[in-house]
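Undergrad: Quick one: the structure is below, and I'll ask about it shortly.
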Amino acid sequence: MKKKTKKARPPSKKKRASAPKGKRDVKANAILDSFKNMNEAELAILQQAMQQELGIGSDVLAPELFGPDDPVDLFAEYLETCTSENTDAEEKNELLADLLVELSDLKISSNGGDPEAREKIQAIYDLLEKAIEDHSLSPIELMLTGKIFADAGWAIPESLKESMAKAIADALPETQGVAEPNIVASMLEVMDGAGQNPFEVNEYLNSLLASLPSQACVTMLHELVAGKQAAFNQAVAGFVLHPDEALARSVAEDLAASAKQTPVESSVIERLVRMRSWLPQSRQAVLDVAIRAMRSNALPPVKRNLPKIIKCYVSVCAGSGTRSLLVTQRDGASYQLVTVMMKLEGVADAMVLPDLPKSEMDNIVRQMKSAMPMIETDLAGITRMLGLAIADNCDAGIPPPFKLVEVVENLGLGPVHPDHASPMEIITALLADLPPEQTNRAAVANAHKEIPDSEFRYQWFEAGEALEDLLYPVKGSKQRVTKLMKAYLPDRRSFWARQCAISALAMRGDGKVRHSSWKQMALVGRDIASDLPFDQIPLMEQIAEMSVRAFEDRL
């Protein structure tokens, strides 16, 4: 790859606040304090490495877009700054913010089936692998790179984690004499920066720990709980949803032990109870022990005034299976927006945007409506969609994010349990109360005629490497469509039946028949879920045609 000529980065409209150097050093030292099981020399080498970075890190959580950059070149530029001795801290902060935006966009494009995006992702991983092999990244740079990848939704390479573990183990003995910092005092600054929001702090910790060895993560979280600060217990409690079962188990045990010495806020217990059903049975037993221990020393519940619901929306499924829900709320004189993004693997992201002016909230809603058909529903519809998505999390073995708890609390929902209903069960329930003339053979024939002309027809298609490998050797659009219909789509029957079932459920909305085509969608989905040949289902032929068109457009 040719070396990129460094260009001037456009100034941001809003200048980033830069913490005084002393405070930056405190934050850097706070991370080092997680390694309580390390000796003084090991702590010292990591401390020196982090001080060299001038505290770059937490402000990257709020990126600003500085203009388009090729993400591969941008990552190469970032690696170059890691080896430079004359990098300006503010410039590097801007570079990291820009890089986070580009990597996030690249991930979205890749999920949408863009082969060029996949190639760029692989190129970036290759650049990282070479940097790791060349030992050109310091421990803090490894940690920071892992945090950026985690924030952008990328997988952290095992080589990075192994390199981080080795950097810790190989700490130089001559770097002794560094005073041990106080993690509790330092992390309180992080809490203040997040507005004392435990969900924000949990997210920060999650990405910060992404590149660290498992035992170091366990140690850091143990120290936070041992600090006897209720605010930390609120944030650390979210780690019971962590994919690493050993880490989640350790957190539950730490919370139980802490409860024997310090009174527990009832909200922590309520959250653990809420999350329990989102976990596999193998993890519920340990959590049950923690919950019982914490209840024995619980503080009285604190009543909270909930924001008022304005409107609820759900979307139909995108071609990849991605779908969203959106709720607008009023909280005193301001407004807030609650949104959840769901994928095939379940709830992928959840967010509460507080303190919005009404104009900004309305603008976000308009943008989401323009990107995907959104149908008005009610809280019962929101709960049903969440239950279905959480069931997908359970099936995929990927717990939902802790921020989902913040969402359901703000909506005032009761327990939301996994809903494992099959596509046929969803469709059968939807059609159960319809009169015979709306579900008979004539109605089905009409549904097959109308659904291919629906408003989202251009969004339903297949993409990905497996499809590309299948189509490349085939010549001609018609032959490619035939190939998909016979050799690819039959294995995707359950996927497209579920697309139809959940989309029909969304289109039904709050039952006020704003989108009467939900009935047609349900009828078509029922045929897809059955053994009806695909050449008798126009929607599947259209999906094949759109898939071939998308494939050929990228040739």
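We name chains A, B, ... following the order of the structure tokens; residues begin at 1 in each chain, and ligands are numbered from 1 as shown.
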Sort by chain and increasing residue number a table of all residues of stretch 86-127 of chain A within 8 Å of stretch 145-158 of chain A, each with its closest pair of atoms and their distance in Å to one decimal, counting only C-alpha atoms, and write it as a Markdown table.

TA:
```
| residue | atom | partner | partner_atom | distance |
| --- | --- | --- | --- | --- |
| A:Leu96 | CA | A:Ile148 | CA | 7.9 |
| A:Leu100 | CA | A:Ala152 | CA | 6.0 |
| A:Val101 | CA | A:Ala152 | CA | 7.6 |
| A:Leu103 | CA | A:Ala152 | CA | 5.8 |
| A:Ser104 | CA | A:Ala152 | CA | 4.5 |
| A:Lys107 | CA | A:Gly153 | CA | 7.1 |
```

Undergrad: Give me every strand (DSSP E or B) residue in stretch 316-552 of chain A, going by DSSP on the backbone, as a ChimeraX atom specification.

TA: /A:323-331,334-343,346-356,374-377

Undergrad: May I have the residues within 9 Å of A:Arg283 as JSON, numbers by chain, using only C-alpha atoms and disregarding those fewer than 4 positions away in the same chain?

TA: {"A": [240, 245, 248, 249, 276, 279, 287, 288]}

Undergrad: Using N, CA and C atoms, can you export the residues from the last selection as a PDB file, in the first residue's frame?

TA:
```pdb
ATOM      1  N   VAL A 240     -22.957  -9.121  34.229  1.00  0.00           N
ATOM      2  CA  VAL A 240     -23.555 -10.465  34.276  1.00  0.00           C
ATOM      3  C   VAL A 240     -24.063 -10.859  32.884  1.00  0.00           C
ATOM      4  N   GLU A 245     -18.501 -16.154  30.161  1.00  0.00           N
ATOM      5  CA  GLU A 245     -19.260 -16.699  31.291  1.00  0.00           C
ATOM      6  C   GLU A 245     -18.459 -16.657  32.586  1.00  0.00           C
ATOM      7  N   ALA A 248     -18.597 -13.130  33.912  1.00  0.00           N
ATOM      8  CA  ALA A 248     -19.938 -12.851  34.430  1.00  0.00           C
ATOM      9  C   ALA A 248     -20.155 -13.541  35.776  1.00  0.00           C
ATOM     10  N   ARG A 249     -19.675 -14.757  35.889  1.00  0.00           N
ATOM     11  CA  ARG A 249     -19.806 -15.505  37.150  1.00  0.00           C
ATOM     12  C   ARG A 249     -19.040 -14.806  38.268  1.00  0.00           C
ATOM     13  N   ARG A 276     -32.138 -11.847  34.493  1.00  0.00           N
ATOM     14  CA  ARG A 276     -31.993 -13.281  34.734  1.00  0.00           C
ATOM     15  C   ARG A 276     -32.531 -14.122  33.587  1.00  0.00           C
ATOM     16  N   LEU A 279     -30.549 -14.805  30.285  1.00  0.00           N
ATOM     17  CA  LEU A 279     -29.338 -15.623  30.343  1.00  0.00           C
ATOM     18  C   LEU A 279     -29.666 -17.102  30.206  1.00  0.00           C
ATOM     19  N   LEU A 287     -26.413 -16.434  39.448  1.00  0.00           N
ATOM     20  CA  LEU A 287     -27.072 -15.149  39.635  1.00  0.00           C
ATOM     21  C   LEU A 287     -28.119 -15.224  40.743  1.00  0.00           C
ATOM     22  N   ASP A 288     -28.810 -16.353  40.835  1.00  0.00           N
ATOM     23  CA  ASP A 288     -29.812 -16.525  41.892  1.00  0.00           C
ATOM     24  C   ASP A 288     -29.182 -16.422  43.276  1.00  0.00           C
TER      25      ASP A 288
END
```

Undergrad: Nearest to A:Ile121 among A:Ile543, A:Arg271, A:Asp73, A:Leu205, with distances taken over only C-alpha atoms: which residue is it?

TA: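 When distances to A:Ile121 are compared using only C-alpha atoms, the smallest one comes from A:Asp73.
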
Undergrad: Would you compute the distance between atom CA of A:Thr328 and atom CA of A:Val365? Give it in Å to one decimal.

TA: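 These atoms are spaced 8.5 Å apart.
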
Undergrad: Between A:Leu144, A:Ala550, A:Leu212, A:Met368, which has the minimum distance to A:Ser159 (counting only C-alpha atoms)?

TA: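 Under the stated criterion, the closest residue is A:Leu212.
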
Undergrad: My list of candidates is A:Thr439, A:Met275, A:Glu91, A:Ser334. Which is closest to A:Glu360 when distances are computed with only C-alpha atoms?

TA: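 When distances to A:Glu360 are compared using only C-alpha atoms, the smallest one comes from A:Ser334.
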
Undergrad: Give me the residues within 7 Å of stretch 443-451 of chain A as a ChimeraX atom specification, counting only C-alpha atoms and dropping any in the same chain fewer than 5 places off.

TA: /A:437-438,520-521,523-524,537-539

Undergrad: Near stretch 421-429 of chain A, within 8 Å and counting only C-alpha atoms, which residues show up once chain neighbours fewer than 3 positions away are dropped, as a ChimeraX atom specification?

TA: /A:388,432-433,494,497-498,501-502,504-505,522-523,525-526,529

Undergrad: Quick one: residues within 7 Å of A:Val327, only C-alpha atoms, excluding same-chain residues fewer than 6 positions away - as a count of residues only?

TA: 6

Undergrad: Can you pull out the residues contacting A:Pro213? Cut-off 8 Å, using only C-alpha atoms, and skip same-chain residues under 3 positions away; I want them as a short mmCIF file (atom, residue, chain, number, x, y, z; two decimals) with N, CA, C and O atoms, in the first residue's frame.

TA:
```cif
data_model
loop_
_atom_site.label_atom_id
_atom_site.label_comp_id
_atom_site.auth_asym_id
_atom_site.auth_seq_id
_atom_site.Cartn_x
_atom_site.Cartn_y
_atom_site.Cartn_z
N LYS A 161 -5.16 -9.61 21.78
CA LYS A 161 -5.31 -9.99 23.19
C LYS A 161 -4.06 -10.72 23.69
O LYS A 161 -3.59 -10.49 24.81
N GLU A 162 -3.52 -11.62 22.83
CA GLU A 162 -2.31 -12.36 23.22
C GLU A 162 -1.13 -11.41 23.39
O GLU A 162 -0.31 -11.56 24.30
N MET A 164 -1.30 -8.27 24.19
CA MET A 164 -1.52 -7.50 25.41
C MET A 164 -1.13 -8.31 26.64
O MET A 164 -0.50 -7.80 27.57
N ALA A 165 -1.51 -9.57 26.64
CA ALA A 165 -1.16 -10.44 27.77
C ALA A 165 0.36 -10.59 27.89
O ALA A 165 0.91 -10.57 28.99
N ALA A 216 -7.24 -10.08 33.99
CA ALA A 216 -7.10 -8.65 34.28
C ALA A 216 -8.46 -7.98 34.35
O ALA A 216 -8.70 -7.11 35.20
N CYS A 217 -9.38 -8.40 33.48
CA CYS A 217 -10.74 -7.85 33.52
C CYS A 217 -11.43 -8.22 34.83
O CYS A 217 -12.08 -7.38 35.47
#
```

Undergrad: Taking only C-alpha atoms into account, name the residue in A:Leu221, A:Leu306, A:Ala290, A:Leu128 that is nearest to A:Leu255.

TA: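 Residue with the minimum atom-to-atom distance to A:Leu255: A:Ala290.
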
Undergrad: Figure out the distance between atom CA of A:Trp496 and atom CA of A:Gly397, please, to one decimal in Å.

TA: 21.6 Å

Undergrad: Pick out the closest residue to A:Glu116 from this set: A:Glu465, A:Gln329, A:Glu203, A:Asp535. Count only C-alpha atoms.

TA: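 Between A:Glu465, A:Gln329, A:Glu203, A:Asp535, the residue approaching A:Glu116 most closely is A:Glu465.
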
Undergrad: So, counting only C-alpha atoms, which residue among A:Asp553, A:Arg492, A:Ala230, A:Val407 is closest to A:Ile528?

TA: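 Using only C-alpha atoms, the shortest distance to A:Ile528 belongs to A:Arg492.
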
Undergrad: Distance atom CA of A:Val251-atom CA of A:Val225, one decimal place?

TA: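 Separation between atom CA of A:Val251 and atom CA of A:Val225: 8.4 Å.
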
Undergrad: Would you mind writing down, as a VMD selection string, each residue of stretch 199-415 of chain A that DSSP on the backbone assigns to alpha helix (DSSP H)?

TA: chain A and resid 199 to 208 214 to 226 230 to 236 245 to 259 266 to 276 281 to 295 358 to 371 379 to 396 403 to 411
